[in-house]
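K.L.:
Coordinates in data-v4.cif, mmCIF, N, CA and C atoms, are listed below.
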```cif
data_query
loop_
_atom_site.label_atom_id
_atom_site.label_comp_id
_atom_site.auth_asym_id
_atom_site.auth_seq_id
_atom_site.Cartn_x
_atom_site.Cartn_y
_atom_site.Cartn_z
N MET A 1 -32.20 -100.61 -20.89
CA MET A 1 -30.98 -100.08 -21.46
C MET A 1 -30.05 -99.71 -20.31
N ASN A 2 -28.77 -100.11 -20.40
CA ASN A 2 -27.86 -99.78 -19.31
C ASN A 2 -27.34 -98.34 -19.44
N LYS A 3 -26.61 -97.90 -18.42
CA LYS A 3 -26.13 -96.51 -18.37
C LYS A 3 -25.41 -96.09 -19.64
N THR A 4 -24.42 -96.86 -20.02
CA THR A 4 -23.60 -96.44 -21.16
C THR A 4 -24.36 -96.51 -22.47
N GLN A 5 -25.33 -97.42 -22.59
CA GLN A 5 -26.10 -97.51 -23.83
C GLN A 5 -26.91 -96.24 -24.09
N LEU A 6 -27.57 -95.72 -23.08
CA LEU A 6 -28.37 -94.51 -23.24
C LEU A 6 -27.48 -93.33 -23.60
N LEU A 7 -26.37 -93.18 -22.89
CA LEU A 7 -25.46 -92.06 -23.17
C LEU A 7 -24.87 -92.18 -24.58
N LYS A 8 -24.46 -93.39 -24.97
CA LYS A 8 -23.92 -93.60 -26.32
C LYS A 8 -24.97 -93.30 -27.38
N ARG A 9 -26.19 -93.69 -27.12
CA ARG A 9 -27.29 -93.42 -28.06
C ARG A 9 -27.46 -91.92 -28.28
N ILE A 10 -27.43 -91.16 -27.20
CA ILE A 10 -27.57 -89.70 -27.30
C ILE A 10 -26.39 -89.11 -28.08
N ILE A 11 -25.18 -89.48 -27.70
CA ILE A 11 -23.98 -88.93 -28.36
C ILE A 11 -23.96 -89.30 -29.83
N ASN A 12 -24.22 -90.55 -30.15
CA ASN A 12 -24.19 -90.97 -31.56
C ASN A 12 -25.21 -90.22 -32.40
N ARG A 13 -26.40 -90.04 -31.87
CA ARG A 13 -27.44 -89.33 -32.63
C ARG A 13 -27.07 -87.86 -32.82
N LEU A 14 -26.59 -87.21 -31.77
CA LEU A 14 -26.21 -85.81 -31.90
C LEU A 14 -25.03 -85.65 -32.85
N ASN A 15 -24.01 -86.50 -32.72
CA ASN A 15 -22.84 -86.40 -33.60
C ASN A 15 -23.22 -86.67 -35.06
N ARG A 16 -24.12 -87.62 -35.28
CA ARG A 16 -24.52 -87.97 -36.64
C ARG A 16 -25.39 -86.88 -37.29
N ASP A 17 -26.42 -86.44 -36.57
CA ASP A 17 -27.40 -85.53 -37.16
C ASP A 17 -27.13 -84.05 -36.91
N TYR A 18 -26.38 -83.73 -35.87
CA TYR A 18 -26.14 -82.33 -35.49
C TYR A 18 -24.68 -82.17 -35.08
N PRO A 19 -23.76 -82.27 -36.01
CA PRO A 19 -22.33 -82.26 -35.67
C PRO A 19 -21.85 -80.96 -35.02
N ALA A 20 -22.58 -79.88 -35.17
CA ALA A 20 -22.18 -78.61 -34.55
C ALA A 20 -22.46 -78.58 -33.04
N VAL A 21 -23.29 -79.50 -32.56
CA VAL A 21 -23.62 -79.56 -31.14
C VAL A 21 -22.41 -80.11 -30.38
N VAL A 22 -22.01 -79.39 -29.34
CA VAL A 22 -20.86 -79.80 -28.53
C VAL A 22 -21.35 -80.66 -27.38
N VAL A 23 -21.03 -81.95 -27.44
CA VAL A 23 -21.47 -82.90 -26.41
C VAL A 23 -20.25 -83.69 -25.95
N ARG A 24 -20.16 -83.89 -24.62
CA ARG A 24 -19.00 -84.63 -24.09
C ARG A 24 -19.42 -85.41 -22.84
N TYR A 25 -18.67 -86.48 -22.61
CA TYR A 25 -18.86 -87.26 -21.38
C TYR A 25 -18.30 -86.47 -20.20
N GLN A 26 -18.97 -86.61 -19.06
CA GLN A 26 -18.45 -86.14 -17.78
C GLN A 26 -18.48 -87.35 -16.87
N GLY A 27 -17.40 -88.07 -16.82
CA GLY A 27 -17.38 -89.32 -16.07
C GLY A 27 -18.07 -90.41 -16.85
N ASP A 28 -18.38 -91.51 -16.19
CA ASP A 28 -18.97 -92.64 -16.90
C ASP A 28 -20.49 -92.64 -16.87
N HIS A 29 -21.11 -91.66 -16.22
CA HIS A 29 -22.57 -91.67 -16.10
C HIS A 29 -23.23 -90.33 -16.43
N GLN A 30 -22.48 -89.43 -17.06
CA GLN A 30 -23.03 -88.11 -17.29
C GLN A 30 -22.58 -87.53 -18.63
N LEU A 31 -23.50 -86.81 -19.29
CA LEU A 31 -23.20 -86.09 -20.53
C LEU A 31 -23.42 -84.61 -20.31
N HIS A 32 -22.63 -83.80 -20.98
CA HIS A 32 -22.80 -82.36 -20.95
C HIS A 32 -22.95 -81.86 -22.38
N ILE A 33 -24.02 -81.12 -22.65
CA ILE A 33 -24.27 -80.54 -23.97
C ILE A 33 -24.20 -79.03 -23.79
N SER A 34 -23.28 -78.39 -24.51
CA SER A 34 -23.07 -76.95 -24.36
C SER A 34 -24.16 -76.15 -25.06
N LYS A 35 -24.56 -75.06 -24.40
CA LYS A 35 -25.55 -74.17 -25.02
C LYS A 35 -24.96 -73.59 -26.29
N GLY A 36 -25.79 -73.30 -27.23
CA GLY A 36 -25.31 -72.80 -28.51
C GLY A 36 -25.12 -71.30 -28.55
N ALA A 37 -25.79 -70.58 -27.65
CA ALA A 37 -25.73 -69.12 -27.66
C ALA A 37 -25.83 -68.60 -26.23
N GLU A 38 -25.54 -67.33 -26.06
CA GLU A 38 -25.55 -66.74 -24.73
C GLU A 38 -26.92 -66.82 -24.06
N ASP A 39 -28.00 -66.76 -24.85
CA ASP A 39 -29.34 -66.82 -24.27
C ASP A 39 -29.86 -68.26 -24.17
N GLY A 40 -28.96 -69.23 -24.33
CA GLY A 40 -29.33 -70.63 -24.20
C GLY A 40 -28.98 -71.15 -22.81
N PHE A 41 -29.00 -72.46 -22.66
CA PHE A 41 -28.64 -73.08 -21.38
C PHE A 41 -27.96 -74.41 -21.66
N ASP A 42 -27.02 -74.77 -20.78
CA ASP A 42 -26.35 -76.06 -20.88
C ASP A 42 -27.33 -77.16 -20.48
N VAL A 43 -27.09 -78.34 -21.04
CA VAL A 43 -27.93 -79.51 -20.75
C VAL A 43 -27.03 -80.60 -20.19
N VAL A 44 -27.47 -81.22 -19.11
CA VAL A 44 -26.74 -82.34 -18.52
C VAL A 44 -27.70 -83.51 -18.39
N VAL A 45 -27.23 -84.68 -18.80
CA VAL A 45 -27.97 -85.93 -18.60
C VAL A 45 -27.16 -86.75 -17.62
N ASP A 46 -27.77 -87.08 -16.49
CA ASP A 46 -27.10 -87.86 -15.45
C ASP A 46 -27.84 -89.18 -15.27
N ILE A 47 -27.11 -90.27 -15.45
CA ILE A 47 -27.69 -91.60 -15.28
C ILE A 47 -27.32 -92.08 -13.88
N GLY A 48 -28.31 -92.14 -13.01
CA GLY A 48 -28.06 -92.54 -11.63
C GLY A 48 -28.32 -94.02 -11.39
N ALA A 49 -28.16 -94.42 -10.15
CA ALA A 49 -28.36 -95.82 -9.79
C ALA A 49 -29.84 -96.20 -9.87
N ASN A 50 -30.73 -95.27 -9.49
CA ASN A 50 -32.16 -95.57 -9.44
C ASN A 50 -33.03 -94.72 -10.35
N GLU A 51 -32.48 -93.62 -10.86
CA GLU A 51 -33.24 -92.71 -11.72
C GLU A 51 -32.29 -91.92 -12.60
N ASN A 52 -32.83 -91.33 -13.64
CA ASN A 52 -32.06 -90.48 -14.53
C ASN A 52 -32.49 -89.04 -14.29
N THR A 53 -31.56 -88.11 -14.42
CA THR A 53 -31.85 -86.71 -14.18
C THR A 53 -31.45 -85.90 -15.40
N LEU A 54 -32.33 -85.00 -15.80
CA LEU A 54 -32.08 -84.08 -16.90
C LEU A 54 -31.99 -82.69 -16.31
N VAL A 55 -30.90 -81.98 -16.61
CA VAL A 55 -30.66 -80.65 -16.05
C VAL A 55 -30.60 -79.65 -17.18
N PHE A 56 -31.41 -78.60 -17.07
CA PHE A 56 -31.40 -77.46 -17.98
C PHE A 56 -31.05 -76.24 -17.14
N GLY A 57 -29.82 -75.78 -17.20
CA GLY A 57 -29.44 -74.58 -16.44
C GLY A 57 -29.79 -74.72 -14.97
N GLU A 58 -30.72 -73.89 -14.50
CA GLU A 58 -31.14 -73.86 -13.09
C GLU A 58 -32.19 -74.93 -12.76
N TRP A 59 -32.73 -75.58 -13.76
CA TRP A 59 -33.86 -76.51 -13.62
C TRP A 59 -33.40 -77.95 -13.76
N HIS A 60 -34.09 -78.88 -13.10
CA HIS A 60 -33.83 -80.31 -13.33
C HIS A 60 -35.11 -81.10 -13.10
N ASN A 61 -35.13 -82.29 -13.68
CA ASN A 61 -36.27 -83.19 -13.51
C ASN A 61 -35.76 -84.62 -13.46
N HIS A 62 -36.45 -85.45 -12.72
CA HIS A 62 -36.07 -86.85 -12.56
C HIS A 62 -36.97 -87.74 -13.41
N PHE A 63 -36.38 -88.80 -13.97
CA PHE A 63 -37.10 -89.73 -14.82
C PHE A 63 -36.82 -91.15 -14.36
N GLU A 64 -37.84 -91.99 -14.44
CA GLU A 64 -37.69 -93.40 -14.07
C GLU A 64 -36.73 -94.10 -15.01
N GLN A 65 -36.07 -95.11 -14.49
CA GLN A 65 -35.21 -95.94 -15.34
C GLN A 65 -36.07 -97.08 -15.89
N SER A 66 -36.89 -96.71 -16.85
CA SER A 66 -37.75 -97.66 -17.54
C SER A 66 -37.78 -97.21 -19.00
N GLU A 67 -38.35 -98.03 -19.84
CA GLU A 67 -38.44 -97.66 -21.26
C GLU A 67 -39.24 -96.36 -21.43
N GLU A 68 -40.33 -96.24 -20.69
CA GLU A 68 -41.16 -95.02 -20.77
C GLU A 68 -40.41 -93.81 -20.22
N GLY A 69 -39.72 -94.00 -19.10
CA GLY A 69 -38.96 -92.90 -18.50
C GLY A 69 -37.85 -92.42 -19.40
N GLU A 70 -37.14 -93.35 -20.03
CA GLU A 70 -36.06 -92.96 -20.94
C GLU A 70 -36.61 -92.28 -22.19
N SER A 71 -37.76 -92.74 -22.69
CA SER A 71 -38.39 -92.09 -23.85
C SER A 71 -38.79 -90.67 -23.50
N GLU A 72 -39.36 -90.48 -22.32
CA GLU A 72 -39.75 -89.13 -21.90
C GLU A 72 -38.52 -88.23 -21.74
N LEU A 73 -37.46 -88.75 -21.13
CA LEU A 73 -36.22 -87.98 -20.97
C LEU A 73 -35.71 -87.54 -22.35
N LEU A 74 -35.67 -88.44 -23.31
CA LEU A 74 -35.17 -88.10 -24.65
C LEU A 74 -36.06 -87.07 -25.33
N TRP A 75 -37.37 -87.19 -25.16
CA TRP A 75 -38.32 -86.23 -25.74
C TRP A 75 -38.12 -84.84 -25.12
N VAL A 76 -38.08 -84.76 -23.80
CA VAL A 76 -37.92 -83.47 -23.12
C VAL A 76 -36.55 -82.87 -23.47
N MET A 77 -35.51 -83.71 -23.53
CA MET A 77 -34.18 -83.22 -23.90
C MET A 77 -34.22 -82.62 -25.31
N SER A 78 -34.87 -83.30 -26.25
CA SER A 78 -34.94 -82.77 -27.62
C SER A 78 -35.68 -81.44 -27.66
N LEU A 79 -36.73 -81.31 -26.87
CA LEU A 79 -37.43 -80.01 -26.80
C LEU A 79 -36.51 -78.94 -26.24
N GLY A 80 -35.73 -79.29 -25.23
CA GLY A 80 -34.81 -78.34 -24.61
C GLY A 80 -33.65 -77.94 -25.50
N LEU A 81 -33.34 -78.76 -26.48
CA LEU A 81 -32.27 -78.42 -27.43
C LEU A 81 -32.78 -77.62 -28.61
N SER A 82 -34.10 -77.45 -28.69
CA SER A 82 -34.72 -76.75 -29.82
C SER A 82 -35.43 -75.48 -29.34
N ARG A 83 -36.01 -74.75 -30.28
CA ARG A 83 -36.79 -73.56 -29.95
C ARG A 83 -38.19 -73.91 -29.43
N LEU A 84 -38.50 -75.20 -29.36
CA LEU A 84 -39.81 -75.64 -28.86
C LEU A 84 -39.85 -75.73 -27.34
N GLY A 85 -38.72 -75.52 -26.69
CA GLY A 85 -38.66 -75.53 -25.24
C GLY A 85 -37.94 -74.28 -24.76
N ARG A 86 -38.28 -73.83 -23.58
CA ARG A 86 -37.57 -72.68 -23.00
C ARG A 86 -37.54 -72.82 -21.50
N LEU A 87 -36.53 -72.21 -20.94
CA LEU A 87 -36.35 -72.17 -19.49
C LEU A 87 -36.76 -70.78 -19.02
N SER A 88 -37.69 -70.73 -18.10
CA SER A 88 -38.15 -69.49 -17.51
C SER A 88 -37.57 -69.42 -16.10
N VAL A 89 -36.72 -68.41 -15.85
CA VAL A 89 -36.07 -68.29 -14.54
C VAL A 89 -36.50 -66.97 -13.90
N THR A 90 -37.06 -67.08 -12.70
CA THR A 90 -37.48 -65.90 -11.95
C THR A 90 -36.43 -65.61 -10.90
N TYR A 91 -36.03 -64.36 -10.83
CA TYR A 91 -35.00 -63.91 -9.90
C TYR A 91 -35.59 -62.92 -8.90
N ARG A 92 -35.08 -62.96 -7.70
CA ARG A 92 -35.27 -61.90 -6.70
C ARG A 92 -33.90 -61.27 -6.56
N GLY A 93 -33.73 -60.11 -7.14
CA GLY A 93 -32.40 -59.52 -7.23
C GLY A 93 -31.59 -60.38 -8.18
N THR A 94 -30.48 -60.91 -7.72
CA THR A 94 -29.64 -61.79 -8.57
C THR A 94 -29.82 -63.26 -8.24
N GLU A 95 -30.68 -63.57 -7.26
CA GLU A 95 -30.88 -64.96 -6.84
C GLU A 95 -32.03 -65.60 -7.62
N ALA A 96 -31.75 -66.75 -8.26
CA ALA A 96 -32.80 -67.51 -8.94
C ALA A 96 -33.68 -68.16 -7.89
N VAL A 97 -34.99 -67.88 -7.93
CA VAL A 97 -35.90 -68.43 -6.93
C VAL A 97 -36.92 -69.39 -7.54
N ARG A 98 -37.04 -69.40 -8.87
CA ARG A 98 -37.97 -70.30 -9.55
C ARG A 98 -37.46 -70.58 -10.94
N SER A 99 -37.47 -71.84 -11.33
CA SER A 99 -37.11 -72.24 -12.69
C SER A 99 -38.20 -73.15 -13.22
N ALA A 100 -38.64 -72.89 -14.43
CA ALA A 100 -39.67 -73.72 -15.04
C ALA A 100 -39.27 -74.04 -16.46
N PHE A 101 -39.54 -75.27 -16.88
CA PHE A 101 -39.35 -75.63 -18.28
C PHE A 101 -40.72 -75.57 -18.92
N GLU A 102 -40.79 -74.85 -20.04
CA GLU A 102 -42.04 -74.67 -20.75
C GLU A 102 -41.88 -75.18 -22.17
N THR A 103 -42.97 -75.66 -22.76
CA THR A 103 -42.93 -76.16 -24.13
C THR A 103 -43.92 -75.38 -24.99
N GLN A 104 -43.51 -75.13 -26.22
CA GLN A 104 -44.37 -74.38 -27.14
C GLN A 104 -45.35 -75.35 -27.81
N GLN A 105 -46.61 -74.99 -27.75
CA GLN A 105 -47.65 -75.81 -28.34
C GLN A 105 -47.80 -75.47 -29.83
N GLU A 106 -48.52 -76.30 -30.55
CA GLU A 106 -48.67 -76.08 -31.99
C GLU A 106 -49.35 -74.76 -32.31
N ASN A 107 -50.17 -74.24 -31.38
CA ASN A 107 -50.83 -72.95 -31.61
C ASN A 107 -49.95 -71.76 -31.23
N GLY A 108 -48.73 -72.04 -30.79
CA GLY A 108 -47.78 -70.97 -30.45
C GLY A 108 -47.75 -70.59 -28.98
N SER A 109 -48.71 -71.05 -28.20
CA SER A 109 -48.73 -70.72 -26.77
C SER A 109 -47.68 -71.56 -26.04
N TRP A 110 -47.31 -71.10 -24.84
CA TRP A 110 -46.33 -71.80 -24.02
C TRP A 110 -47.03 -72.48 -22.86
N GLU A 111 -46.69 -73.74 -22.64
CA GLU A 111 -47.31 -74.53 -21.58
C GLU A 111 -46.24 -75.00 -20.60
N TRP A 112 -46.55 -74.89 -19.33
CA TRP A 112 -45.65 -75.31 -18.26
C TRP A 112 -45.50 -76.83 -18.31
N TYR A 113 -44.25 -77.31 -18.22
CA TYR A 113 -43.99 -78.75 -18.13
C TYR A 113 -43.70 -79.13 -16.68
N ALA A 114 -42.73 -78.45 -16.06
CA ALA A 114 -42.40 -78.72 -14.66
C ALA A 114 -41.60 -77.54 -14.13
N GLU A 115 -41.70 -77.32 -12.84
CA GLU A 115 -40.96 -76.21 -12.23
C GLU A 115 -40.35 -76.63 -10.92
N MET A 116 -39.41 -75.82 -10.46
CA MET A 116 -38.82 -76.01 -9.15
C MET A 116 -38.51 -74.63 -8.59
N GLY A 117 -38.45 -74.51 -7.30
CA GLY A 117 -38.20 -73.21 -6.70
C GLY A 117 -37.50 -73.32 -5.37
N THR A 118 -37.11 -72.18 -4.88
CA THR A 118 -36.48 -72.10 -3.56
C THR A 118 -37.23 -71.08 -2.73
N VAL A 119 -37.05 -71.15 -1.44
CA VAL A 119 -37.66 -70.17 -0.56
C VAL A 119 -36.79 -68.94 -0.54
N THR A 120 -37.41 -67.78 -0.72
CA THR A 120 -36.65 -66.54 -0.67
C THR A 120 -36.96 -65.84 0.65
N PHE A 121 -35.93 -65.29 1.25
CA PHE A 121 -36.10 -64.63 2.53
C PHE A 121 -36.22 -63.12 2.40
N ASN A 122 -36.20 -62.63 1.17
CA ASN A 122 -36.33 -61.20 0.97
C ASN A 122 -37.35 -60.93 -0.14
N PRO A 123 -38.63 -60.99 0.18
CA PRO A 123 -39.66 -60.80 -0.84
C PRO A 123 -39.76 -59.36 -1.35
N PHE A 124 -39.02 -58.44 -0.74
CA PHE A 124 -39.11 -57.05 -1.14
C PHE A 124 -38.14 -56.69 -2.26
N VAL A 125 -37.25 -57.61 -2.60
CA VAL A 125 -36.32 -57.39 -3.70
C VAL A 125 -37.09 -57.55 -5.00
N LYS A 126 -36.79 -56.71 -5.97
CA LYS A 126 -37.49 -56.73 -7.25
C LYS A 126 -37.42 -58.11 -7.91
N LYS A 127 -38.57 -58.54 -8.42
CA LYS A 127 -38.66 -59.83 -9.10
C LYS A 127 -38.60 -59.60 -10.62
N THR A 128 -37.75 -60.38 -11.28
CA THR A 128 -37.66 -60.33 -12.74
C THR A 128 -37.65 -61.75 -13.28
N THR A 129 -38.09 -61.90 -14.51
CA THR A 129 -38.09 -63.21 -15.16
C THR A 129 -37.33 -63.10 -16.46
N ARG A 130 -36.44 -64.08 -16.69
CA ARG A 130 -35.69 -64.17 -17.94
C ARG A 130 -36.00 -65.50 -18.59
N TYR A 131 -35.96 -65.49 -19.92
CA TYR A 131 -36.21 -66.71 -20.68
C TYR A 131 -34.93 -67.10 -21.42
N PHE A 132 -34.65 -68.39 -21.42
CA PHE A 132 -33.48 -68.93 -22.10
C PHE A 132 -33.94 -70.02 -23.06
N GLN A 133 -33.37 -70.03 -24.27
CA GLN A 133 -33.73 -71.03 -25.26
C GLN A 133 -32.52 -71.47 -26.04
N ASN A 134 -32.50 -72.73 -26.39
CA ASN A 134 -31.48 -73.26 -27.28
C ASN A 134 -32.04 -73.32 -28.70
N ASP A 135 -31.14 -73.37 -29.65
CA ASP A 135 -31.52 -73.52 -31.06
C ASP A 135 -30.53 -74.49 -31.70
N LEU A 136 -30.32 -75.62 -31.03
CA LEU A 136 -29.32 -76.59 -31.48
C LEU A 136 -29.90 -77.64 -32.41
N ILE A 137 -31.19 -77.90 -32.28
CA ILE A 137 -31.89 -78.85 -33.13
C ILE A 137 -33.06 -78.10 -33.77
N PRO A 138 -33.21 -78.17 -35.10
CA PRO A 138 -34.34 -77.48 -35.73
C PRO A 138 -35.68 -78.04 -35.23
N ALA A 139 -36.63 -77.13 -34.97
CA ALA A 139 -37.94 -77.55 -34.49
C ALA A 139 -38.62 -78.51 -35.46
N LYS A 140 -38.38 -78.35 -36.74
CA LYS A 140 -39.01 -79.22 -37.75
C LYS A 140 -38.57 -80.67 -37.60
N ASP A 141 -37.41 -80.91 -36.99
CA ASP A 141 -36.94 -82.28 -36.76
C ASP A 141 -37.67 -82.95 -35.60
N ILE A 142 -38.33 -82.14 -34.79
CA ILE A 142 -39.05 -82.66 -33.63
C ILE A 142 -40.54 -82.71 -33.90
N ARG A 143 -41.04 -81.62 -34.45
CA ARG A 143 -42.46 -81.52 -34.77
C ARG A 143 -42.57 -81.08 -36.22
N PRO A 144 -43.00 -81.98 -37.10
CA PRO A 144 -43.11 -81.62 -38.51
C PRO A 144 -44.03 -80.43 -38.74
N ASP A 145 -43.75 -79.66 -39.76
CA ASP A 145 -44.56 -78.52 -40.15
C ASP A 145 -45.95 -79.02 -40.53
N PRO A 146 -47.02 -78.55 -39.85
CA PRO A 146 -48.36 -79.06 -40.15
C PRO A 146 -48.81 -78.75 -41.58
N SER A 147 -48.23 -77.74 -42.21
CA SER A 147 -48.63 -77.40 -43.57
C SER A 147 -48.13 -78.43 -44.59
N THR A 148 -47.20 -79.30 -44.18
CA THR A 148 -46.68 -80.31 -45.10
C THR A 148 -47.31 -81.67 -44.86
N LYS A 149 -48.27 -81.76 -43.97
CA LYS A 149 -48.94 -83.03 -43.68
C LYS A 149 -49.65 -83.55 -44.92
N ASP A 150 -49.60 -84.84 -45.11
CA ASP A 150 -50.30 -85.53 -46.20
C ASP A 150 -49.89 -85.06 -47.58
N GLN A 151 -48.65 -84.63 -47.73
CA GLN A 151 -48.19 -84.22 -49.07
C GLN A 151 -47.35 -85.29 -49.69
#
```
Before we go any further, please render this structure as structure tokens.
P.N.:
Amino acid sequence: MNKTQLLKRIINRLNRDYPAVVVRYQGDHQLHISKGAEDGFDVVVDIGANENTLVFGEWHNHFEQSEEGESELLWVMSLGLSRLGRLSVTYRGTEAVRSAFETQQENGSWEWYAEMGTVTFNPFVKKTTRYFQNDLIPAKDIRPDPSTKDQ
């Protein structure tokens, strides 16, 4: 799939199924999806020359430009737009030093997907962690309710 096809696919699906989601092009190779609430995070999809990048607030991850890589990017993006994904950001004072994307499992626990961090030069500053979540896509659209299976 070429650059514009993937971006058009994302925009068309969001506009069709979730018209309240604010999504816009940023140049010819990037999409920006606005967070729905103050405790959410913006999402950026960047289609590069050799890889695709998904950005959630302070966090980002790279995906191969292959059918599998694009499928994984779309899956992780959908989790990040729903309550099934959250961004965990650890601060030293006001500086973000670690960002992790976590996914909620069917049993309700949270599992680490990927993280990134920076080196902090002041380990004596108080460490705090904040969680950010979007609620732009209903979780049931991503993971069906297990109580309705086989009905």
K.L.:
Rounded to one decimal, what separation in Å do you get between atom CA of Ser88 of chain A and atom CA of Gly27 of chain A?
P.N.:
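If I compute the distance from atom CA of Ser88 of chain A to atom CA of Gly27 of chain A, I get 28.8 Å.
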K.L.:
Per residue of segment 27-67 of chain A within 7 Å of segment 1-17 of chain A, note the shortest atom pair and the distance in Å to one decimal, counting only N, CA and C atoms, and order the rows by chain and increasing residue number, as CSV.
P.N.:
```
residue,atom,partner,partner_atom,distance
A:Asp28,C,A:Thr4,CA,6.5
A:His29,CA,A:Lys3,C,6.3
A:Leu31,N,A:Leu7,CA,6.8
A:Ile47,CA,A:Lys3,CA,6.0
A:Ser66,C,A:Met1,N,6.8
A:Glu67,N,A:Met1,N,6.8
```
K.L.:
So how many Å separate atom CA of Arg98 of chain A and atom CA of Asp46 of chain A, to one decimal?
P.N.:
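Distance reported for this atom pair: 21.5 Å.
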K.L.:
I need the residue nearest Ile137 of chain A from this list: A:Ser71, A:Ser34, A:Gln26, A:Ser78. Use only N, CA and C atoms for the distance.
P.N.:
A:Ser78
K.L.:
Go through the shown structure with the PyMOL selection byres ((chain A and resi 89) around 5) and write out the matching residues as a list in words.
P.N.:
Leu87, Ser88, Thr90, Tyr91, Arg98, Ser99, Thr129 and Arg130 of chain A
K.L.:
Please expand the PyMOL selection byres (((chain A and resi 56-59 and name CA) around 8) and name CA) into the concrete residues it hits in this file, giving the result as a list in words.
P.N.:
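On this input, the PyMOL selection byres (((chain A and resi 56-59 and name CA) around 8) and name CA) captures Phe41, Asp42, Val43, Val44, Leu54, Val55, His60, Asn61, Gly80, Leu87, Val89, Ala96, Ser99, Ala100, Phe101, Glu115 and Met116 of chain A.
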K.L.:
Create the file for the chosen residues now, containing N, CA and C atoms and written as a PDB file, in the coordinates of the input.
P.N.:
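And here is the file that came out, part.pdb:
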```pdb
ATOM      1  N   PHE A  41     -29.000 -72.460 -22.660  1.00  0.00           N
ATOM      2  CA  PHE A  41     -28.640 -73.080 -21.380  1.00  0.00           C
ATOM      3  C   PHE A  41     -27.960 -74.410 -21.660  1.00  0.00           C
ATOM      4  N   ASP A  42     -27.020 -74.770 -20.780  1.00  0.00           N
ATOM      5  CA  ASP A  42     -26.350 -76.060 -20.880  1.00  0.00           C
ATOM      6  C   ASP A  42     -27.330 -77.160 -20.480  1.00  0.00           C
ATOM      7  N   VAL A  43     -27.090 -78.340 -21.040  1.00  0.00           N
ATOM      8  CA  VAL A  43     -27.930 -79.510 -20.750  1.00  0.00           C
ATOM      9  C   VAL A  43     -27.030 -80.600 -20.190  1.00  0.00           C
ATOM     10  N   VAL A  44     -27.470 -81.220 -19.110  1.00  0.00           N
ATOM     11  CA  VAL A  44     -26.740 -82.340 -18.520  1.00  0.00           C
ATOM     12  C   VAL A  44     -27.700 -83.510 -18.390  1.00  0.00           C
ATOM     13  N   LEU A  54     -32.330 -85.000 -15.800  1.00  0.00           N
ATOM     14  CA  LEU A  54     -32.080 -84.080 -16.900  1.00  0.00           C
ATOM     15  C   LEU A  54     -31.990 -82.690 -16.310  1.00  0.00           C
ATOM     16  N   VAL A  55     -30.900 -81.980 -16.610  1.00  0.00           N
ATOM     17  CA  VAL A  55     -30.660 -80.650 -16.050  1.00  0.00           C
ATOM     18  C   VAL A  55     -30.600 -79.650 -17.180  1.00  0.00           C
ATOM     19  N   HIS A  60     -34.090 -78.880 -13.100  1.00  0.00           N
ATOM     20  CA  HIS A  60     -33.830 -80.310 -13.330  1.00  0.00           C
ATOM     21  C   HIS A  60     -35.110 -81.100 -13.100  1.00  0.00           C
ATOM     22  N   ASN A  61     -35.130 -82.290 -13.680  1.00  0.00           N
ATOM     23  CA  ASN A  61     -36.270 -83.190 -13.510  1.00  0.00           C
ATOM     24  C   ASN A  61     -35.760 -84.620 -13.460  1.00  0.00           C
ATOM     25  N   GLY A  80     -35.730 -79.290 -25.230  1.00  0.00           N
ATOM     26  CA  GLY A  80     -34.810 -78.340 -24.610  1.00  0.00           C
ATOM     27  C   GLY A  80     -33.650 -77.940 -25.500  1.00  0.00           C
ATOM     28  N   LEU A  87     -36.530 -72.210 -20.940  1.00  0.00           N
ATOM     29  CA  LEU A  87     -36.350 -72.170 -19.490  1.00  0.00           C
ATOM     30  C   LEU A  87     -36.760 -70.780 -19.020  1.00  0.00           C
ATOM     31  N   VAL A  89     -36.720 -68.410 -15.850  1.00  0.00           N
ATOM     32  CA  VAL A  89     -36.070 -68.290 -14.540  1.00  0.00           C
ATOM     33  C   VAL A  89     -36.500 -66.970 -13.900  1.00  0.00           C
ATOM     34  N   ALA A  96     -31.750 -66.750  -8.260  1.00  0.00           N
ATOM     35  CA  ALA A  96     -32.800 -67.510  -8.940  1.00  0.00           C
ATOM     36  C   ALA A  96     -33.680 -68.160  -7.890  1.00  0.00           C
ATOM     37  N   SER A  99     -37.470 -71.840 -11.330  1.00  0.00           N
ATOM     38  CA  SER A  99     -37.110 -72.240 -12.690  1.00  0.00           C
ATOM     39  C   SER A  99     -38.200 -73.150 -13.220  1.00  0.00           C
ATOM     40  N   ALA A 100     -38.640 -72.890 -14.430  1.00  0.00           N
ATOM     41  CA  ALA A 100     -39.670 -73.720 -15.040  1.00  0.00           C
ATOM     42  C   ALA A 100     -39.270 -74.040 -16.460  1.00  0.00           C
ATOM     43  N   PHE A 101     -39.540 -75.270 -16.880  1.00  0.00           N
ATOM     44  CA  PHE A 101     -39.350 -75.630 -18.280  1.00  0.00           C
ATOM     45  C   PHE A 101     -40.720 -75.570 -18.920  1.00  0.00           C
ATOM     46  N   GLU A 115     -41.700 -77.320 -12.840  1.00  0.00           N
ATOM     47  CA  GLU A 115     -40.960 -76.210 -12.230  1.00  0.00           C
ATOM     48  C   GLU A 115     -40.350 -76.630 -10.920  1.00  0.00           C
ATOM     49  N   MET A 116     -39.410 -75.820 -10.460  1.00  0.00           N
ATOM     50  CA  MET A 116     -38.820 -76.010  -9.150  1.00  0.00           C
ATOM     51  C   MET A 116     -38.510 -74.630  -8.590  1.00  0.00           C
TER      52      MET A 116
END
```
K.L.:
Just how far from atom C of Met77 of chain A is atom N of Pro138 of chain A, in Å to one decimal?
P.N.:
10.8 Å
K.L.:
Output as a ChimeraX atom specification all residues of chain A that backbone DSSP marks as strand (DSSP E or B).
P.N.:
/A:23-25,30-33,43-47,51-56,59-64,85-92,95-104,110-117,127-132
K.L.:
Please determine, counting only C-alpha atoms, which residue among A:Val125, A:Val119, A:Leu84, A:Ala139 has the shortest atom-to-atom distance to Gln105 of chain A.
P.N.:
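Nearest to Gln105 of chain A: A:Leu84.
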K.L.:
Looking at A:Gln104, A:Ser82, A:Asn52, A:Thr118, which one is nearest to Asn134 of chain A, with distances taken over only C-alpha atoms?
P.N.:
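With only C-alpha atoms as the atom set, the closest residue is A:Ser82.
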